[in-house]
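The next block holds one structure in the form of structure tokens; read it before the comments.
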Amino acid sequence: MTAAEQRPAPGAVPPGRGSGAAERPGPAGGAGGRPPRRWLKALAVFLLITIPAGYLVISAIQSRNGGEDKAEAASAKGLTEGWPTRVQRRIYDVPIPAYSADVAFYETNSWDTSRLYVQFITSRDGLGRFLDGIGTEPSALRDGEVTIGVKQAEKVGWRLGSGQDWSGMVFKQKEPQPELAITVNRDNPAHPKVYVVSTVTP
């Protein structure tokens with residue numbers, strides 16, 4: 001075959017370039033096997049939509065659970081075992097004597113009134129130090145008196161005043177200093193149990 005015969009006829013297209021012959025597919029998605037860019041864009045849009053939505057759902061669940069926890073804590077109305085903080089003791093003027101036992105407290109706050117409920121067991125001398133620390137003395141306690149109201153006692157589960165040896169007083173101070181309702185159980189004279197409700201009115 002001559003060189004002229006080997007040349008393609010005018011207008012002819014070599015096979016593989018639009019002549020209808022099947023083209024050999026290259027690597028999927030282009031060079032290096034990378035996915036097409038349109039899939040990357042679709043994936044990015046999907047993530048941008050779903051991730052913030054997921055965070056919103058999680059945040060809503062946490063907010064709801066947090067609200068339920070707060071509601072449960074508010075409805076529990078129970079004493080917390082342990083000592084109030086130093087700041088609380090100073091604000092509410094409740095100088096719990098050293099070496100006291102069965103110490104527990106509960107604080108309530110509203111827009112016009114704050115209260116600290118405290119209980120502790122101390123010695124006879126410890127009771128004297130406590131009363132001296134707030135500015136009064138044991139002789140100010142009146143025998144047979146329960147000075148903490150029923151509703152306040154029920155709020156923290158106290159049962160005061162039935163068939164036991166009680167004494168109590170209400171120690172009033174000039175505002176903004178707190179007013180203290182103090183009730184003492186003397187069933188064990190050597191180790192009286194003291195109940196205090198200190199009320200602060202801003």
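Within each chain, counting starts at residue 1; across the structure tokens, chains are named A, B, ... in the order shown, with ligands numbered 1 upward in that order.
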
Contacts of Ser123 of chain A at 12 Å or less, counting only C-alpha atoms, minus same-chain residues fewer than 3 places along, as a count of residues only? 22

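One finds atom CA of Glu145 of chain A at 14.0 Å from atom CA of Asp187 of chain A.
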
Restricting to only C-alpha atoms, whichever of A:Pro176, A:Asp112, A:Gln88, A:Val196 is closest to Gln152 of chain A is A:Val196

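Atom CA of Trp166 of chain A is found 18.6 Å from atom CA of Ser198 of chain A.
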
Rounded to one decimal place, report the atom CA of Tyr195 of chain A-atom CA of Glu175 of chain A distance in Å.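 Going from atom CA of Tyr195 of chain A over to atom CA of Glu175 of chain A, I get 21.9 Å.
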
_Selected residue of minimal separation from Ser139 of chain A among A:Asp125, A:Gly161, A:Ser110, A:Met169, counting only C-alpha atoms_ =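 Once distances to Ser139 of chain A are computed over only C-alpha atoms, the minimum belongs to A:Met169.
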
>> For the structure I just gave you, how does DSSP split segment 79-169 of chain A - specifically, which residues are strand (DSSP E or B)? Reply as number ranges by chain.
In response: A: 80-81, 101-109, 114-121, 142-143, 166-169
